[in-house]
Amino acid sequence: MELRTGKCLFSLQGHENWVRSVAISPDGQTLASSSSDQNIKLWDVRAGKCLKTLSGHISQVWSVAWSPNGQTLASSSADETIKLWDINTGKCLKTFRSPRPYENMNITEAKGLTESQIANLKALGAIVAK
(Lines give C-alpha, C1' and ligand atoms only; values in the text may rest on other atoms or scores of the structure.)
Protein backbone atom coordinates (compact mmCIF):
# COMPACT_ATOMS: atom_id res chain seq x y z
CA MET A 1 0.00 0.00 0.00
CA GLU A 2 1.23 3.45 -0.80
CA LEU A 3 1.05 5.25 2.53
CA ARG A 4 0.61 8.73 1.09
CA THR A 5 -2.44 7.87 -1.02
CA GLY A 6 -3.68 4.62 0.55
CA LYS A 7 -3.55 2.97 -2.88
CA CYS A 8 -3.01 -0.80 -2.98
CA LEU A 9 0.16 -1.49 -4.96
CA PHE A 10 -0.31 -5.28 -5.25
CA SER A 11 -1.83 -8.31 -3.53
CA LEU A 12 0.35 -11.15 -2.34
CA GLN A 13 -1.13 -14.44 -3.51
CA GLY A 14 0.21 -17.91 -2.93
CA HIS A 15 -1.18 -19.44 0.25
CA GLU A 16 -3.80 -22.15 -0.23
CA ASN A 17 -5.77 -21.33 2.92
CA TRP A 18 -6.36 -18.49 5.39
CA VAL A 19 -3.45 -16.24 6.25
CA ARG A 20 -3.16 -16.21 10.05
CA SER A 21 -0.29 -13.80 10.69
CA VAL A 22 2.10 -11.42 8.97
CA ALA A 23 5.31 -9.79 10.21
CA ILE A 24 7.69 -7.38 8.52
CA SER A 25 11.43 -7.93 8.85
CA PRO A 26 13.48 -5.43 10.89
CA ASP A 27 14.98 -3.97 7.69
CA GLY A 28 11.51 -3.58 6.13
CA GLN A 29 12.46 -5.59 3.03
CA THR A 30 10.75 -8.94 3.69
CA LEU A 31 7.27 -9.87 4.84
CA ALA A 32 6.63 -13.24 6.47
CA SER A 33 3.12 -14.72 6.34
CA SER A 34 1.76 -17.80 8.07
CA SER A 35 -1.26 -19.78 7.01
CA SER A 36 -3.70 -22.55 7.74
CA ASP A 37 -2.09 -24.33 4.76
CA GLN A 38 0.77 -25.28 7.16
CA ASN A 39 3.29 -23.07 5.37
CA ILE A 40 5.17 -19.84 5.90
CA LYS A 41 6.00 -17.63 2.95
CA LEU A 42 8.68 -14.96 2.72
CA TRP A 43 7.83 -12.09 0.38
CA ASP A 44 9.91 -9.36 -1.24
CA VAL A 45 8.05 -6.24 -0.11
CA ARG A 46 9.13 -4.05 -3.03
CA ALA A 47 8.48 -6.56 -5.83
CA GLY A 48 5.52 -8.39 -4.27
CA LYS A 49 7.06 -11.76 -5.13
CA CYS A 50 7.34 -14.88 -2.99
CA LEU A 51 11.00 -15.50 -2.18
CA LYS A 52 10.68 -18.75 -0.28
CA THR A 53 8.20 -21.16 1.29
CA LEU A 54 9.08 -22.66 4.67
CA SER A 55 7.49 -26.07 5.25
CA GLY A 56 7.67 -28.33 8.27
CA HIS A 57 4.66 -27.75 10.48
CA ILE A 58 1.97 -30.44 10.32
CA SER A 59 -0.96 -28.17 11.20
CA GLN A 60 -1.96 -24.55 10.70
CA VAL A 61 0.71 -21.97 11.47
CA TRP A 62 -0.74 -19.40 13.86
CA SER A 63 1.96 -16.75 14.03
CA VAL A 64 5.39 -15.60 12.92
CA ALA A 65 7.91 -13.20 14.49
CA TRP A 66 11.35 -11.97 13.39
CA SER A 67 14.52 -11.97 15.46
CA PRO A 68 16.03 -8.49 15.98
CA ASN A 69 18.79 -9.18 13.43
CA GLY A 70 16.30 -10.40 10.80
CA GLN A 71 18.15 -13.68 10.19
CA THR A 72 15.81 -15.97 12.12
CA LEU A 73 12.05 -16.35 12.05
CA ALA A 74 9.99 -17.99 14.81
CA SER A 75 6.68 -19.69 14.07
CA SER A 76 4.01 -21.23 16.27
CA SER A 77 1.53 -23.84 15.12
CA ALA A 78 -1.55 -25.81 16.08
CA ASP A 79 0.78 -28.84 15.91
CA GLU A 80 1.92 -27.71 19.39
CA THR A 81 5.39 -26.69 18.24
CA ILE A 82 7.44 -23.55 17.90
CA LYS A 83 10.03 -23.61 15.13
CA LEU A 84 13.03 -21.39 14.50
CA TRP A 85 13.93 -20.91 10.84
CA ASP A 86 17.11 -19.74 9.09
CA ILE A 87 15.62 -17.35 6.55
CA ASN A 88 18.64 -17.55 4.25
CA THR A 89 18.48 -21.32 3.78
CA GLY A 90 14.80 -21.90 4.63
CA LYS A 91 15.83 -24.72 6.99
CA CYS A 92 14.32 -25.33 10.40
CA LEU A 93 17.03 -24.73 13.00
CA LYS A 94 15.18 -25.98 16.07
CA THR A 95 11.76 -27.29 17.09
CA PHE A 96 10.39 -26.73 20.58
CA ARG A 97 7.51 -28.69 22.09
CA SER A 98 6.32 -28.86 25.67
CA PRO A 99 5.98 -32.39 27.02
CA ARG A 100 2.40 -33.60 27.18
CA PRO A 101 1.02 -35.05 30.46
CA TYR A 102 1.51 -38.71 29.42
CA GLU A 103 4.52 -38.27 27.12
CA ASN A 104 6.02 -41.68 26.21
CA MET A 105 3.96 -43.58 28.80
CA ASN A 106 3.65 -47.10 27.38
CA ILE A 107 0.03 -48.28 27.63
CA THR A 108 0.54 -51.45 25.58
CA GLU A 109 -0.28 -53.80 28.46
CA ALA A 110 -2.91 -51.58 30.10
CA LYS A 111 -6.13 -53.45 30.90
CA GLY A 112 -9.73 -52.21 30.92
CA LEU A 113 -9.25 -49.13 28.73
CA THR A 114 -11.89 -48.30 26.12
CA GLU A 115 -10.89 -47.26 22.58
CA SER A 116 -11.89 -43.71 23.46
CA GLN A 117 -9.67 -43.69 26.55
CA ILE A 118 -6.75 -45.09 24.53
CA ALA A 119 -7.23 -42.40 21.88
CA ASN A 120 -7.29 -39.68 24.55
CA LEU A 121 -4.17 -41.01 26.28
CA LYS A 122 -2.34 -41.17 22.92
CA ALA A 123 -3.36 -37.57 22.20
CA LEU A 124 -1.75 -36.68 25.53
CA GLY A 125 1.52 -38.41 24.60
CA ALA A 126 1.04 -42.06 25.59
CA ILE A 127 2.35 -44.73 23.21
CA VAL A 128 1.26 -48.21 22.24
CA ALA A 129 4.26 -50.35 21.27
CA LYS A 130 3.65 -52.82 18.47
# chains A, B, ... in the order shown; residues from 1 in each chain; ligands from 1

call {"tool": "residues_around", "arguments": {"residues": "A:Ile87", "least_positions_apart": "3", "cutoff": "6 Å", "atoms": "only C-alpha atoms", "output": "PDB file with C-alpha atoms, in the first residue's frame"}}
result
ATOM      1  CA  GLN A  71      18.149 -13.682  10.187  1.00  0.00           C
ATOM      2  CA  THR A  72      15.811 -15.972  12.118  1.00  0.00           C
ATOM      3  CA  GLY A  90      14.803 -21.897   4.629  1.00  0.00           C
TER       4      GLY A  90
END

call {"tool": "residues_around", "arguments": {"residues": "A:Glu16", "least_positions_apart": "2", "cutoff": "10 Å", "atoms": "only C-alpha atoms", "output": "ChimeraX atom specification"}}
result
/A:13-14,18-19,35-39

call {"tool": "residues_around", "arguments": {"residues": "A:Thr81", "least_positions_apart": "6", "cutoff": "12 Å", "atoms": "only C-alpha atoms", "output": "PyMOL selection string"}}
result
chain A and resi 56-63+74-75+92+94-100

call {"tool": "closest_atom_pairs", "arguments": {"of": "stretch 68-112 of chain A", "to": "stretch 123-128 of chain A", "cutoff": "8 Å", "atoms": "only C-alpha atoms", "output": "tab-separated table"}}
result
residue	atom	partner	partner_atom	distance
A:Pro99	CA	A:Gly125	CA	7.9
A:Arg100	CA	A:Leu124	CA	5.4
A:Pro101	CA	A:Leu124	CA	5.9
A:Tyr102	CA	A:Gly125	CA	4.8
A:Glu103	CA	A:Gly125	CA	3.9
A:Asn104	CA	A:Ala126	CA	5.0
A:Met105	CA	A:Ala126	CA	4.6
A:Asn106	CA	A:Ile127	CA	5.0
A:Ile107	CA	A:Val128	CA	5.5
A:Thr108	CA	A:Val128	CA	4.7

call {"tool": "residues_around", "arguments": {"residues": "A:Trp66", "least_positions_apart": "3", "cutoff": "12 Å", "atoms": "only C-alpha atoms", "output": "PyMOL selection string"}}
result
chain A and resi 22-28+30-33+42+63+69-75+83-87

call {"tool": "write_last_selection", "arguments": {"atoms": "N, CA and C atoms", "output": "mmCIF file, in the first residue's frame"}}
result
data_model
loop_
_atom_site.group_PDB
_atom_site.id
_atom_site.type_symbol
_atom_site.label_atom_id
_atom_site.label_comp_id
_atom_site.auth_asym_id
_atom_site.auth_seq_id
_atom_site.Cartn_x
_atom_site.Cartn_y
_atom_site.Cartn_z
ATOM 1 N N VAL A 22 1.052 -12.003 9.801
ATOM 2 C CA VAL A 22 2.103 -11.416 8.967
ATOM 3 C C VAL A 22 3.053 -10.637 9.872
ATOM 4 N N ALA A 23 4.309 -10.556 9.458
ATOM 5 C CA ALA A 23 5.307 -9.785 10.209
ATOM 6 C C ALA A 23 6.336 -9.256 9.228
ATOM 7 N N ILE A 24 6.695 -8.013 9.387
ATOM 8 C CA ILE A 24 7.689 -7.379 8.516
ATOM 9 C C ILE A 24 9.070 -7.503 9.155
ATOM 10 N N SER A 25 10.067 -7.778 8.345
ATOM 11 C CA SER A 25 11.434 -7.933 8.851
ATOM 12 C C SER A 25 11.948 -6.616 9.410
ATOM 13 N N PRO A 26 12.950 -6.664 10.291
ATOM 14 C CA PRO A 26 13.481 -5.432 10.888
ATOM 15 C C PRO A 26 13.991 -4.420 9.855
ATOM 16 N N ASP A 27 14.494 -4.900 8.714
ATOM 17 C CA ASP A 27 14.983 -3.967 7.690
ATOM 18 C C ASP A 27 13.870 -3.492 6.750
ATOM 19 N N GLY A 28 12.645 -4.008 6.935
ATOM 20 C CA GLY A 28 11.509 -3.576 6.130
ATOM 21 C C GLY A 28 11.474 -4.137 4.718
ATOM 22 N N THR A 30 11.386 -7.624 3.844
ATOM 23 C CA THR A 30 10.755 -8.938 3.689
ATOM 24 C C THR A 30 9.548 -9.047 4.609
ATOM 25 N N LEU A 31 8.471 -9.600 4.067
ATOM 26 C CA LEU A 31 7.270 -9.869 4.836
ATOM 27 C C LEU A 31 7.158 -11.374 5.008
ATOM 28 N N ALA A 32 6.887 -11.822 6.221
ATOM 29 C CA ALA A 32 6.628 -13.243 6.470
ATOM 30 C C ALA A 32 5.130 -13.398 6.709
ATOM 31 N N SER A 33 4.541 -14.438 6.120
ATOM 32 C CA SER A 33 3.116 -14.720 6.343
ATOM 33 C C SER A 33 2.967 -16.184 6.724
ATOM 34 N N LEU A 42 7.887 -16.170 2.624
ATOM 35 C CA LEU A 42 8.682 -14.959 2.723
ATOM 36 C C LEU A 42 8.508 -14.192 1.422
ATOM 37 N N SER A 63 1.283 -18.038 13.991
ATOM 38 C CA SER A 63 1.960 -16.745 14.034
ATOM 39 C C SER A 63 3.425 -16.853 13.643
ATOM 40 N N ASN A 69 17.832 -9.329 14.534
ATOM 41 C CA ASN A 69 18.793 -9.184 13.433
ATOM 42 C C ASN A 69 18.205 -9.576 12.077
ATOM 43 N N GLY A 70 16.970 -10.071 12.055
ATOM 44 C CA GLY A 70 16.304 -10.401 10.798
ATOM 45 C C GLY A 70 16.798 -11.663 10.121
ATOM 46 N N GLN A 71 17.607 -12.461 10.791
ATOM 47 C CA GLN A 71 18.149 -13.682 10.187
ATOM 48 C C GLN A 71 17.377 -14.939 10.574
ATOM 49 N N THR A 72 16.562 -14.827 11.618
ATOM 50 C CA THR A 72 15.811 -15.972 12.118
ATOM 51 C C THR A 72 14.347 -15.584 12.244
ATOM 52 N N LEU A 73 13.492 -16.539 11.915
ATOM 53 C CA LEU A 73 12.050 -16.346 12.048
ATOM 54 C C LEU A 73 11.520 -17.414 12.990
ATOM 55 N N ALA A 74 10.649 -17.031 13.916
ATOM 56 C CA ALA A 74 9.992 -17.986 14.808
ATOM 57 C C ALA A 74 8.559 -18.175 14.342
ATOM 58 N N SER A 75 8.070 -19.410 14.435
ATOM 59 C CA SER A 75 6.682 -19.690 14.069
ATOM 60 C C SER A 75 6.051 -20.579 15.127
ATOM 61 N N LYS A 83 8.852 -23.331 15.951
ATOM 62 C CA LYS A 83 10.029 -23.613 15.130
ATOM 63 C C LYS A 83 10.816 -22.330 14.903
ATOM 64 N N LEU A 84 12.141 -22.477 14.872
ATOM 65 C CA LEU A 84 13.035 -21.389 14.501
ATOM 66 C C LEU A 84 13.603 -21.697 13.128
ATOM 67 N N TRP A 85 13.535 -20.719 12.232
ATOM 68 C CA TRP A 85 13.932 -20.905 10.840
ATOM 69 C C TRP A 85 15.104 -20.000 10.472
ATOM 70 N N ASP A 86 16.052 -20.537 9.703
ATOM 71 C CA ASP A 86 17.113 -19.738 9.088
ATOM 72 C C ASP A 86 16.505 -19.188 7.808
ATOM 73 N N ILE A 87 16.323 -17.880 7.722
ATOM 74 C CA ILE A 87 15.618 -17.347 6.552
ATOM 75 C C ILE A 87 16.477 -17.362 5.285
#

call {"tool": "select_by_dssp", "arguments": {"residues": "chain A", "states": "alpha helix (DSSP H)", "output": "list in words"}}
result
Glu115, Ser116, Gln117, Ile118, Ala119, Asn120, Leu121, Lys122 and Ala123 of chain A

call {"tool": "closest_residue", "arguments": {"among": "A:Arg20, A:Gln29, A:Lys91, A:Glu80", "to": "A:Ser55", "atoms": "only C-alpha atoms"}}
result
A:Lys91

call {"tool": "atom_distance", "arguments": {"atom1": "atom CA of A:Asp79", "atom2": "atom CA of A:Leu54"}}
result
15.3 Å

call {"tool": "closest_residue", "arguments": {"among": "A:Ala47, A:Ile118, A:Val64, A:Ala110", "to": "A:Ser21", "atoms": "only C-alpha atoms"}}
result
A:Val64

call {"tool": "closest_residue", "arguments": {"among": "A:Lys41, A:Ser67, A:Glu109, A:Glu115", "to": "A:Ala129", "atoms": "only C-alpha atoms"}}
result
A:Glu109

call {"tool": "closest_residue", "arguments": {"among": "A:Leu3, A:Ser11, A:Ala65, A:Ser77", "to": "A:Cys50", "atoms": "only C-alpha atoms"}}
result
A:Ser11

call {"tool": "closest_residue", "arguments": {"among": "A:Lys122, A:Val45, A:Ile40, A:His15", "to": "A:Glu2", "atoms": "only C-alpha atoms"}}
result
A:Val45

call {"tool": "closest_residue", "arguments": {"among": "A:Trp43, A:Ser116, A:Gly48, A:Ser34", "to": "A:Phe10", "atoms": "only C-alpha atoms"}}
result
A:Gly48

call {"tool": "select_by_dssp", "arguments": {"residues": "stretch 3-113 of chain A", "states": "strand (DSSP E)", "output": "PyMOL selection string"}}
result
chain A and resi 19-24+30-35+39-44+49-55+61-66+72-77+82-86+92-96

call {"tool": "atom_distance", "arguments": {"atom1": "atom CA of A:Gly6", "atom2": "atom CA of A:Arg46"}}
result
15.9 Å
